[in-house]
Structure formats: structure tokens, C-alpha cells
file query-v1.tsv (TSV, C-alpha atoms and all ligand atoms)
chain	number	residue	atom	x	y	z
E	592	MET	CA	130.12	110.70	111.68
E	593	ASN	CA	129.31	107.14	110.76
E	594	HIS	CA	125.87	107.65	109.32
E	595	ALA	CA	124.26	109.97	106.83
E	596	SER	CA	123.03	113.35	108.03
E	597	GLN	CA	119.30	114.05	108.20
E	598	ASN	CA	119.48	116.24	105.11
E	599	THR	CA	121.29	113.58	103.16
E	600	ILE	CA	118.76	110.91	104.06
E	601	ALA	CA	115.84	113.16	103.12
E	602	GLN	CA	117.54	114.10	99.85
E	603	ASN	CA	118.37	110.47	99.05
E	604	ILE	CA	114.77	109.37	99.61
E	605	LYS	CA	113.51	112.07	97.26
E	606	SER	CA	115.98	111.14	94.56
E	607	ILE	CA	115.30	107.38	94.87
E	608	ARG	CA	111.58	108.05	94.58
E	609	SER	CA	112.07	110.09	91.45
E	610	ARG	CA	114.39	107.45	89.97
E	611	ILE	CA	111.79	104.75	90.64
E	612	TRP	CA	109.23	106.96	88.92
E	613	GLN	CA	111.51	107.45	85.90
E	614	ILE	CA	112.29	103.74	85.63
E	615	GLU	CA	108.58	102.90	85.85
E	616	GLN	CA	107.99	105.22	82.85
E	617	LYS	CA	110.91	103.81	80.91
E	618	TYR	CA	109.70	100.20	81.18
E	619	ALA	CA	105.98	100.94	80.86
E	620	ARG	CA	105.27	100.00	84.44
E	621	LEU	CA	102.21	101.52	86.10
E	622	PRO	CA	103.15	104.62	88.09
E	623	GLY	CA	103.28	103.72	91.76
E	624	SER	CA	103.49	99.97	91.13
E	625	VAL	CA	106.95	99.72	92.72
E	626	GLN	CA	107.11	100.17	96.47
E	627	LEU	CA	110.21	101.47	98.24
E	628	LEU	CA	111.35	99.41	101.22
E	629	ALA	CA	114.00	101.36	103.16
E	630	VAL	CA	116.54	98.86	104.50
E	631	SER	CA	117.55	100.29	107.89
E	632	LYS	CA	119.61	97.35	109.19
E	633	THR	CA	122.47	98.46	111.46
E	634	ARG	CA	121.30	102.10	111.23
E	635	PRO	CA	120.51	104.10	114.36
E	636	ILE	CA	116.90	104.75	115.29
E	637	GLU	CA	117.32	108.47	114.43
E	638	ASP	CA	117.86	107.51	110.79
E	639	VAL	CA	114.56	105.61	110.77
E	640	ARG	CA	112.82	108.65	112.32
E	641	THR	CA	114.32	110.91	109.67
E	642	ALA	CA	113.14	108.66	106.85
E	643	PHE	CA	109.70	108.29	108.47
E	644	SER	CA	109.36	112.07	108.57
E	645	GLU	CA	109.82	111.97	104.78
E	646	ASN	CA	106.71	109.76	104.63
E	647	GLN	CA	108.75	106.58	104.28
E	648	SER	CA	106.64	103.98	106.08
E	649	HIS	CA	108.12	100.60	105.10
E	650	PHE	CA	111.41	99.55	106.70
E	651	GLY	CA	113.46	96.37	106.25
E	652	GLU	CA	115.54	94.86	109.05
E	653	ASN	CA	117.88	91.82	109.10
E	654	TYR	CA	119.00	91.48	112.70
E	655	LEU	CA	116.24	90.75	115.18
E	656	GLN	CA	117.61	92.35	118.36
E	657	ASP	CA	118.65	95.49	116.50
E	658	ALA	CA	115.22	95.62	114.88
E	659	LEU	CA	113.25	95.06	118.10
E	660	SER	CA	114.91	97.98	119.83
E	661	LYS	CA	113.93	100.28	116.95
E	662	ILE	CA	110.41	98.86	116.75
E	663	SER	CA	109.77	99.44	120.46
E	664	GLY	CA	111.65	102.74	120.44
E	665	ILE	CA	109.50	104.25	117.70
E	666	SER	CA	106.34	102.26	118.38
E	667	ASP	CA	104.24	103.87	115.67
E	668	PRO	CA	101.58	101.65	114.07
E	669	ALA	CA	101.96	103.62	110.83
E	670	ILE	CA	105.32	101.91	110.24
E	671	ASN	CA	105.37	98.55	108.48
E	672	TRP	CA	108.37	96.48	109.54
E	673	HIS	CA	109.67	93.87	107.11
E	674	PHE	CA	111.99	91.09	108.25
E	675	ILE	CA	114.52	90.43	105.47
E	676	GLY	CA	117.27	88.53	107.30
E	677	THR	CA	118.08	84.90	107.91
E	678	ILE	CA	115.45	83.33	110.18
E	679	GLN	CA	116.50	81.09	113.06
E	680	SER	CA	113.65	78.84	114.16
E	681	ASN	CA	113.95	79.89	117.81
E	682	LYS	CA	113.32	83.51	116.77
E	683	THR	CA	110.07	83.02	114.87
E	684	ARG	CA	107.80	84.07	117.73
E	685	GLN	CA	109.30	87.54	118.01
E	686	ILE	CA	109.20	87.89	114.24
E	687	ALA	CA	105.54	86.80	114.11
E	688	GLU	CA	104.63	89.28	116.84
E	689	ASN	CA	106.54	92.34	115.66
E	690	PHE	CA	106.63	92.41	111.88
E	691	SER	CA	104.00	92.75	109.16
E	692	TRP	CA	106.11	91.17	106.40
E	693	VAL	CA	108.77	88.44	106.15
E	694	HIS	CA	110.68	88.15	102.85
E	695	THR	CA	113.01	85.27	103.62
E	696	ILE	CA	110.98	82.07	103.96
E	697	ASP	CA	112.88	79.12	102.53
E	698	ARG	CA	111.39	76.14	104.33
E	699	LEU	CA	107.99	74.94	105.44
E	700	LYS	CA	108.91	74.51	109.09
E	701	ILE	CA	109.63	78.22	109.50
E	702	ALA	CA	106.36	79.15	107.76
E	703	GLN	CA	104.41	76.77	109.99
E	704	ARG	CA	105.92	78.25	113.13
E	705	LEU	CA	105.22	81.81	111.99
E	706	SER	CA	101.61	80.89	111.23
E	707	GLU	CA	101.15	79.18	114.62
E	708	GLN	CA	102.76	82.07	116.47
E	709	ARG	CA	100.98	84.91	114.67
E	710	HIS	CA	98.24	86.34	116.88
E	711	PRO	CA	94.97	85.16	115.26
E	712	GLU	CA	93.37	88.57	115.79
E	713	HIS	CA	96.14	90.36	113.94
E	714	PRO	CA	96.08	90.56	110.15
E	715	PRO	CA	97.89	87.59	108.62
E	716	LEU	CA	101.67	87.95	108.34
E	717	ASN	CA	102.61	88.75	104.73
E	718	VAL	CA	105.36	86.46	103.47
E	719	CYS	CA	107.53	85.92	100.42
E	720	ILE	CA	109.46	82.78	99.55
E	721	GLN	CA	113.16	83.49	99.04
E	722	VAL	CA	114.31	81.79	95.84
E	723	ASN	CA	117.90	80.99	94.87
E	724	THR	CA	118.06	82.26	91.29
E	725	SER	CA	121.84	82.31	91.04
E	726	ASP	CA	122.63	78.65	91.41
E	727	GLU	CA	125.43	79.22	93.90
E	728	SER	CA	125.65	77.02	96.96
E	729	SER	CA	126.59	80.03	99.08
E	730	LYS	CA	123.34	81.89	98.36
E	731	SER	CA	120.34	81.14	100.51
E	732	GLY	CA	116.85	80.46	99.27
E	733	VAL	CA	114.88	77.53	97.93
E	734	ASN	CA	115.75	76.10	94.51
E	735	ILE	CA	113.55	77.11	91.59
E	736	GLU	CA	112.37	73.52	91.10
E	737	GLU	CA	111.17	73.25	94.70
E	738	THR	CA	109.36	76.57	94.89
E	739	LEU	CA	105.96	75.52	93.55
E	740	VAL	CA	105.54	72.72	96.09
E	741	LEU	CA	106.58	74.99	98.94
E	742	ALA	CA	104.19	77.71	97.70
E	743	LYS	CA	101.29	75.24	97.73
E	744	GLU	CA	102.07	74.15	101.28
E	745	ILE	CA	102.52	77.69	102.58
E	746	SER	CA	99.38	79.03	100.92
E	747	SER	CA	97.25	76.67	103.04
E	748	LEU	CA	98.55	78.00	106.39
E	749	PRO	CA	95.96	80.06	108.29
E	750	HIS	CA	97.74	83.05	109.79
E	751	ILE	CA	100.21	83.89	107.08
E	752	HIS	CA	99.47	85.24	103.63
E	753	LEU	CA	101.78	84.18	100.82
E	754	ARG	CA	102.28	87.35	98.76
E	755	GLY	CA	105.08	86.42	96.40
E	756	LEU	CA	108.74	85.70	95.77
E	757	MET	CA	112.00	87.34	96.74
E	758	THR	CA	115.56	86.91	95.50
E	759	ILE	CA	119.08	88.24	96.12
E	760	PRO	CA	121.09	87.45	92.98
E	761	ALA	CA	124.86	87.19	92.81
E	762	ALA	CA	126.24	90.68	92.29
E	763	THR	CA	127.24	91.78	88.81
E	764	GLY	CA	127.68	95.21	87.26
E	765	ASN	CA	126.40	94.11	83.86
E	766	PHE	CA	122.84	95.29	83.25
E	767	GLU	CA	121.76	92.40	80.99
E	768	GLN	CA	123.23	89.88	83.44
E	769	GLN	CA	121.43	91.62	86.29
E	770	ARG	CA	118.11	91.17	84.48
E	771	GLN	CA	118.37	87.38	84.05
E	772	PRO	CA	117.68	86.18	87.61
E	773	PHE	CA	114.89	88.75	87.95
E	774	ARG	CA	113.31	87.48	84.74
E	775	LEU	CA	113.52	83.93	86.08
E	776	LEU	CA	111.78	84.98	89.28
E	777	HIS	CA	109.03	86.71	87.30
E	778	GLU	CA	108.46	83.60	85.18
E	779	LEU	CA	108.36	81.45	88.28
E	780	LYS	CA	105.71	83.71	89.79
E	781	GLU	CA	103.58	83.37	86.63
E	782	GLU	CA	103.97	79.59	86.72
E	783	ILE	CA	102.85	79.42	90.34
E	784	GLN	CA	99.90	81.70	89.59
E	785	SER	CA	98.88	79.44	86.71
E	786	GLN	CA	98.48	76.71	89.35
E	787	GLY	CA	95.80	78.78	91.09
E	788	ILE	CA	97.91	80.43	93.79
E	789	GLU	CA	97.44	84.20	93.82
E	790	LEU	CA	100.66	86.19	94.13
E	791	ASP	CA	101.04	89.95	93.82
E	792	THR	CA	104.63	90.58	94.97
E	793	LEU	CA	108.12	90.35	93.51
E	794	SER	CA	110.60	91.55	96.13
E	795	MET	CA	113.68	92.18	94.04
E	796	GLY	CA	116.20	94.94	93.42
E	797	MET	CA	118.70	96.64	95.75
E	798	SER	CA	120.76	99.84	95.44
E	799	ASN	CA	122.95	98.45	92.63
E	800	ASP	CA	120.41	96.54	90.54
E	801	MET	CA	117.16	98.42	91.06
E	802	GLU	CA	116.65	99.35	87.41
E	803	ALA	CA	117.11	95.77	86.17
E	804	ALA	CA	114.65	94.53	88.79
E	805	ILE	CA	111.99	97.10	87.92
E	806	ALA	CA	112.47	96.35	84.22
E	807	GLU	CA	111.61	92.73	85.04
E	808	GLY	CA	108.54	93.42	87.13
E	809	SER	CA	109.70	94.12	90.69
E	810	THR	CA	106.96	95.39	93.01
E	811	ILE	CA	109.19	96.00	96.07
E	812	VAL	CA	112.75	97.30	95.85
E	813	ARG	CA	114.82	96.92	99.03
E	814	ILE	CA	117.15	99.92	99.25
E	815	GLY	CA	119.73	100.48	102.00
E	816	THR	CA	122.96	102.13	100.91
E	817	ALA	CA	121.40	104.54	98.41
E	818	ILE	CA	119.26	105.98	101.24
E	819	PHE	CA	121.40	105.74	104.37
E	820	GLY	CA	124.94	105.66	102.94
E	821	GLN	CA	127.58	102.95	103.26
E	822	ARG	CA	127.21	100.51	106.13
E	823	ILE	CA	130.13	99.93	108.47
E	824	ARG	CA	129.29	96.27	108.91
E	825	LYS	CA	129.33	94.48	105.58
E	826	ASP	CA	126.47	92.14	104.66
U	901	LIG	C1	121.17	94.81	103.00
U	901	LIG	C2	120.07	94.28	102.18
U	901	LIG	C3	119.45	95.06	101.19
U	901	LIG	C4	119.90	96.48	100.83
U	901	LIG	O1	121.08	96.45	100.13
U	901	LIG	P1	121.74	97.81	99.55
U	901	LIG	O2	122.73	97.32	98.57
U	901	LIG	O3	122.34	98.51	100.72
U	901	LIG	O4	120.65	98.61	98.92
U	901	LIG	C5	118.39	94.51	100.51
U	901	LIG	N1	117.96	93.26	100.76
U	901	LIG	C6	118.51	92.48	101.69
U	901	LIG	C7	117.98	91.11	101.94
U	901	LIG	C8	119.59	92.96	102.42
U	901	LIG	O5	120.16	92.16	103.35

call {"tool": "encode", "arguments": {"input": "query-v1.tsv", "output": "C-alpha cells"}}
result
Amino acid sequence: MNHASQNTIAQNIKSIRSRIWQIEQKYARLPGSVQLLAVSKTRPIEDVRTAFSENQSHFGENYLQDALSKISGISDPAINWHFIGTIQSNKTRQIAENFSWVHTIDRLKIAQRLSEQRHPEHPPLNVCIQVNTSDESSKSGVNIEETLVLAKEISSLPHIHLRGLMTIPAATGNFEQQRQPFRLLHELKEEIQSQGIELDTLSMGMSNDMEAAIAEGSTIVRIGTAIFGQRIRKD
């Protein structure tokens, strides 16, 4: 058995939802202001169906081919698919056509392609800029200093809608250290908003740092392991 049983997944979703609710209370966040994105990368389609039957309707995927087979296999318009992986420029068309959100924009060229390739009659593709808040060359994302300029450029593109910022900080078990990059991202969002660009999303927090992220204003937590169990492939 290399993936969680149906009961386990259902139970995990319930307990994550109640933890989010408790953390919202603890940090005086509005109830329901943090959305749960279930990260189903590398998981079989049955696991997505199980989560969907628990009223989980937002799913995050990193690997395009793996994602496309689940998207066409389930083919339910009630599911919102979020692309949260590294974007290769020759893959933008399939992303623009099959997803409703992309969290990992870190250069203008990719945003331009997604906007051009998004069907004009579909709602605009929701996007977040991925920001490098950890100052490590190995981490992807745009530098903090370059984010405002990129946000201005992206916000003028016609078929994508810039919703906010996303980050994946370097892992640490220390709660106060976990909060720092999330606080930076929150401040950056406020700065960009003060320049007249409307943003409503902070995509931050994973299984191990969800509380720190919600404490600092996260509006979408991206949770994989705590719902579906340990992955075999490590990311
Ligand atoms: C895998 C992944 C997650 C989920 O991580 P967990 O630790 O399993 O909760 C969230 N965001 C991104 C971008 C990921 O690649």
C-alpha cells in the first residue's frame, strides 16, 4: 500500500480543516479566510476522487503530464486545478488551457505566454508571483527587490489576473524562524498594493509550517503530506 486509504484521507481532510479553523481563531483571522489547497502531486486519481467526495475542490499539481491525466480522468468542472510546479516555457499552452490558477510565475515571459494562450472566452487565469524569501540561490522565485516591477508588468496582461504572491521558504522547525519569510511576503504584498495594484492572495504554508503562515496572513495553504501521507518521490 503506497498511498493513504480512503478513510485516512477523509479523516485527514477533516482534521486539517479543523486545525485551520483553530489557527484562524488563535490569530484573529476571519473564519474561512484561509483556503485549503490539497496538493495531489504524484498521487493516484483515486486519492483525488476521495478528497473531492469530502467536498475538497481545489487541487495543486506540480508535474504536467501527471496532472493532465487526472484532469481528463475526472473531468469535473467543479474542481479547480492549481499549477504549483516549475513552468517550462514549452508547456505554457497546456497549463493555460487546463488550470484555473498558477502559483509559480517568476518571469514576465512565462506570464505573457500564459496570457496569450489563455482562451479569451474563459475567465482569466489566476496567477501568483513566486517570491524567493529565503535568499538561497537554490530556491526558485523572483527576488524581493524585483517583485514590484514584475507585478506591474503582469497586472497589465489581458487574460491573466494577478491575485498575489507565493513563497516556499527554506525548511526550519523553529516557529519564529518559520514566521519571518511569511511576514516578509505579507509586507511585500502591502507595498505592492500601496502602488495601486490590487492583490488578495498570499499562497504560503505547507504541512510543516501552516500555523506560521496563517499567523502571518496566508490566504491559501498548500497541503500534501498531511492529507495524503508521505510521498514516495521526494520533492
Ligand atoms: C509538494 C508541495 C507542497 C505540499 O507540501 P507538503 O509538505 O507535502 O504539505 C506545497 N507547495 C508546493 C509548491 C509543493 O511542491

call {"tool": "closest_residue", "arguments": {"input": "query-v1.tsv", "among": "E:Gln703, E:Gln784, E:Ser648, E:Asn653", "to": "E:Ser631", "atoms": "only C-alpha atoms"}}
result
E:Asn653

call {"tool": "closest_residue", "arguments": {"input": "query-v1.tsv", "among": "E:Ala658, E:Ala629, E:Ala595, E:Leu775", "to": "ligand LIG 901 (chain U)", "atoms": "all atoms listed in the file"}}
result
E:Ala629

call {"tool": "residues_near_ligand", "arguments": {"input": "query-v1.tsv", "ligand": "ligand LIG 901 (chain U)", "cutoff": "12 Å", "atoms": "all atoms listed in the file", "output": "VMD selection string"}}
result
chain E and resid 607 627 to 634 650 to 654 673 to 678 693 to 696 719 721 to 722 730 to 732 757 to 762 794 to 801 811 to 826

call {"tool": "atom_distance", "arguments": {"input": "query-v1.tsv", "atom1": "atom CA of E:Ser785", "atom2": "atom CA of E:Glu807"}}
result
18.5 Å

call {"tool": "atom_distance", "arguments": {"input": "query-v1.tsv", "atom1": "atom CA of E:Leu739", "atom2": "atom CA of E:Arg704"}}
result
19.8 Å

call {"tool": "atom_distance", "arguments": {"input": "query-v1.tsv", "atom1": "atom CA of E:Thr724", "atom2": "atom CA of E:Pro749"}}
result
28.0 Å

call {"tool": "closest_residue", "arguments": {"input": "query-v1.tsv", "among": "E:Glu707, E:Asp791, E:Asp638, E:Asp697", "to": "E:Arg754", "atoms": "only C-alpha atoms"}}
result
E:Asp791

call {"tool": "closest_residue", "arguments": {"input": "query-v1.tsv", "among": "E:Ala642, E:Ala619, E:Ser809, E:Val625", "to": "E:Asn598", "atoms": "all atoms listed in the file"}}
result
E:Ala642

call {"tool": "closest_residue", "arguments": {"input": "query-v1.tsv", "among": "E:Asn734, E:Asn717, E:Ser596, E:Asn765", "to": "E:Leu790", "atoms": "all atoms listed in the file"}}
result
E:Asn717

call {"tool": "residues_near_point", "arguments": {"input": "query-v1.tsv", "point": "(116.0, 84.6, 86.6)", "cutoff": "10 Å", "atoms": "only C-alpha atoms", "output": "JSON, numbers by chain"}}
result
{"E": [722, 723, 724, 725, 735, 758, 760, 768, 769, 770, 771, 772, 773, 774, 775, 776, 777, 778, 779, 807]}

call {"tool": "closest_residue", "arguments": {"input": "query-v1.tsv", "among": "E:Gly664, E:Ile614, E:Ile604, E:Ala669", "to": "E:Glu637", "atoms": "all atoms listed in the file"}}
result
E:Gly664

call {"tool": "residues_around", "arguments": {"input": "query-v1.tsv", "residues": "E:Ile686", "least_positions_apart": "3", "cutoff": "9 Å", "atoms": "all atoms listed in the file", "output": "NGL selection string"}}
result
:E and (655 or 674 or 678 or 682-683 or 689-691 or 693 or 705 or 708-709)

call {"tool": "decode", "arguments": {"input": "query-v1.tsv", "residues": "stretch 765-798 of chain E", "atoms": "N, CA, C and O atoms", "output": "short mmCIF file (atom, residue, chain, number, x, y, z; two decimals), in the first residue's frame"}}
result
data_model
loop_
_atom_site.label_atom_id
_atom_site.label_comp_id
_atom_site.auth_asym_id
_atom_site.auth_seq_id
_atom_site.Cartn_x
_atom_site.Cartn_y
_atom_site.Cartn_z
N ASN E 765 11.80 25.71 13.58
CA ASN E 765 11.62 26.75 14.60
C ASN E 765 10.47 27.68 14.21
O ASN E 765 10.51 28.32 13.17
N PHE E 766 9.48 27.79 15.08
CA PHE E 766 8.26 28.53 14.73
C PHE E 766 8.55 30.00 14.42
O PHE E 766 8.06 30.53 13.42
N GLU E 767 9.33 30.67 15.24
CA GLU E 767 9.62 32.09 14.98
C GLU E 767 10.39 32.26 13.68
O GLU E 767 10.14 33.20 12.92
N GLN E 768 11.31 31.34 13.40
CA GLN E 768 12.04 31.41 12.11
C GLN E 768 11.12 31.14 10.94
O GLN E 768 11.30 31.70 9.86
N GLN E 769 10.14 30.25 11.15
CA GLN E 769 9.19 29.98 10.07
C GLN E 769 8.38 31.24 9.73
O GLN E 769 8.04 31.48 8.58
N ARG E 770 8.08 32.04 10.74
CA ARG E 770 7.23 33.22 10.50
C ARG E 770 7.91 34.29 9.67
O ARG E 770 7.24 35.04 8.94
N GLN E 771 9.25 34.41 9.77
CA GLN E 771 9.94 35.55 9.14
C GLN E 771 9.72 35.69 7.64
O GLN E 771 9.33 36.76 7.17
N PRO E 772 9.96 34.64 6.84
CA PRO E 772 9.74 34.81 5.40
C PRO E 772 8.28 35.09 5.07
O PRO E 772 7.99 35.83 4.10
N PHE E 773 7.36 34.54 5.85
CA PHE E 773 5.94 34.80 5.59
C PHE E 773 5.59 36.26 5.90
O PHE E 773 4.81 36.88 5.20
N ARG E 774 6.22 36.78 6.96
CA ARG E 774 6.00 38.19 7.28
C ARG E 774 6.54 39.08 6.16
O ARG E 774 5.89 40.04 5.74
N LEU E 775 7.72 38.73 5.65
CA LEU E 775 8.29 39.48 4.53
C LEU E 775 7.35 39.48 3.33
O LEU E 775 7.15 40.50 2.68
N LEU E 776 6.77 38.33 3.04
CA LEU E 776 5.88 38.23 1.87
C LEU E 776 4.64 39.10 2.08
O LEU E 776 4.18 39.77 1.16
N HIS E 777 4.13 39.09 3.31
CA HIS E 777 2.96 39.91 3.63
C HIS E 777 3.28 41.39 3.44
O HIS E 777 2.51 42.15 2.84
N GLU E 778 4.44 41.81 3.93
CA GLU E 778 4.83 43.22 3.80
C GLU E 778 5.00 43.61 2.34
O GLU E 778 4.62 44.71 1.92
N LEU E 779 5.55 42.67 1.57
CA LEU E 779 5.75 42.93 0.15
C LEU E 779 4.39 43.10 -0.55
O LEU E 779 4.21 43.98 -1.40
N LYS E 780 3.44 42.29 -0.18
CA LYS E 780 2.10 42.41 -0.75
C LYS E 780 1.50 43.80 -0.44
O LYS E 780 0.94 44.45 -1.31
N GLU E 781 1.67 44.24 0.80
CA GLU E 781 1.13 45.56 1.19
C GLU E 781 1.81 46.66 0.37
O GLU E 781 1.16 47.61 -0.07
N GLU E 782 3.13 46.52 0.19
CA GLU E 782 3.87 47.53 -0.57
C GLU E 782 3.37 47.61 -2.01
O GLU E 782 3.17 48.69 -2.57
N ILE E 783 3.14 46.43 -2.61
CA ILE E 783 2.67 46.41 -3.99
C ILE E 783 1.26 47.01 -4.07
O ILE E 783 0.95 47.78 -4.97
N GLN E 784 0.43 46.68 -3.09
CA GLN E 784 -0.93 47.25 -3.06
C GLN E 784 -0.90 48.76 -2.93
O GLN E 784 -1.72 49.46 -3.51
N SER E 785 0.07 49.27 -2.16
CA SER E 785 0.15 50.72 -1.97
C SER E 785 0.51 51.43 -3.28
O SER E 785 0.36 52.63 -3.41
N GLN E 786 0.98 50.65 -4.26
CA GLN E 786 1.28 51.21 -5.59
C GLN E 786 0.08 51.08 -6.53
O GLN E 786 0.20 51.25 -7.74
N GLY E 787 -1.07 50.71 -5.98
CA GLY E 787 -2.29 50.69 -6.78
C GLY E 787 -2.59 49.36 -7.45
O GLY E 787 -3.50 49.27 -8.27
N ILE E 788 -1.86 48.32 -7.12
CA ILE E 788 -2.14 47.01 -7.71
C ILE E 788 -2.92 46.19 -6.68
O ILE E 788 -2.44 45.97 -5.57
N GLU E 789 -4.11 45.76 -7.04
CA GLU E 789 -4.94 45.03 -6.08
C GLU E 789 -4.52 43.57 -5.99
O GLU E 789 -4.52 42.86 -6.99
N LEU E 790 -4.21 43.13 -4.78
CA LEU E 790 -3.86 41.73 -4.56
C LEU E 790 -4.71 41.20 -3.41
O LEU E 790 -4.95 41.91 -2.43
N ASP E 791 -5.19 39.96 -3.52
CA ASP E 791 -5.98 39.41 -2.42
C ASP E 791 -5.46 38.06 -1.93
O ASP E 791 -6.12 37.40 -1.14
N THR E 792 -4.29 37.63 -2.44
CA THR E 792 -3.85 36.26 -2.15
C THR E 792 -2.42 36.20 -1.64
O THR E 792 -1.52 36.82 -2.21
N LEU E 793 -2.23 35.45 -0.55
CA LEU E 793 -0.90 35.04 -0.11
C LEU E 793 -0.91 33.53 -0.06
O LEU E 793 -1.54 32.93 0.81
N SER E 794 -0.23 32.90 -1.04
CA SER E 794 -0.16 31.44 -1.10
C SER E 794 1.07 31.02 -0.32
O SER E 794 2.20 31.07 -0.81
N MET E 795 0.87 30.66 0.94
CA MET E 795 2.01 30.29 1.78
C MET E 795 1.57 29.37 2.90
O MET E 795 0.49 29.51 3.45
N GLY E 796 2.46 28.42 3.22
CA GLY E 796 2.19 27.44 4.25
C GLY E 796 2.01 26.06 3.65
O GLY E 796 1.25 25.90 2.70
N MET E 797 2.75 25.07 4.17
CA MET E 797 2.65 23.68 3.76
C MET E 797 2.41 22.85 5.03
O MET E 797 2.14 23.40 6.10
N SER E 798 2.51 21.52 4.91
CA SER E 798 2.16 20.69 6.07
C SER E 798 2.94 21.07 7.34
O SER E 798 2.39 21.05 8.43
#
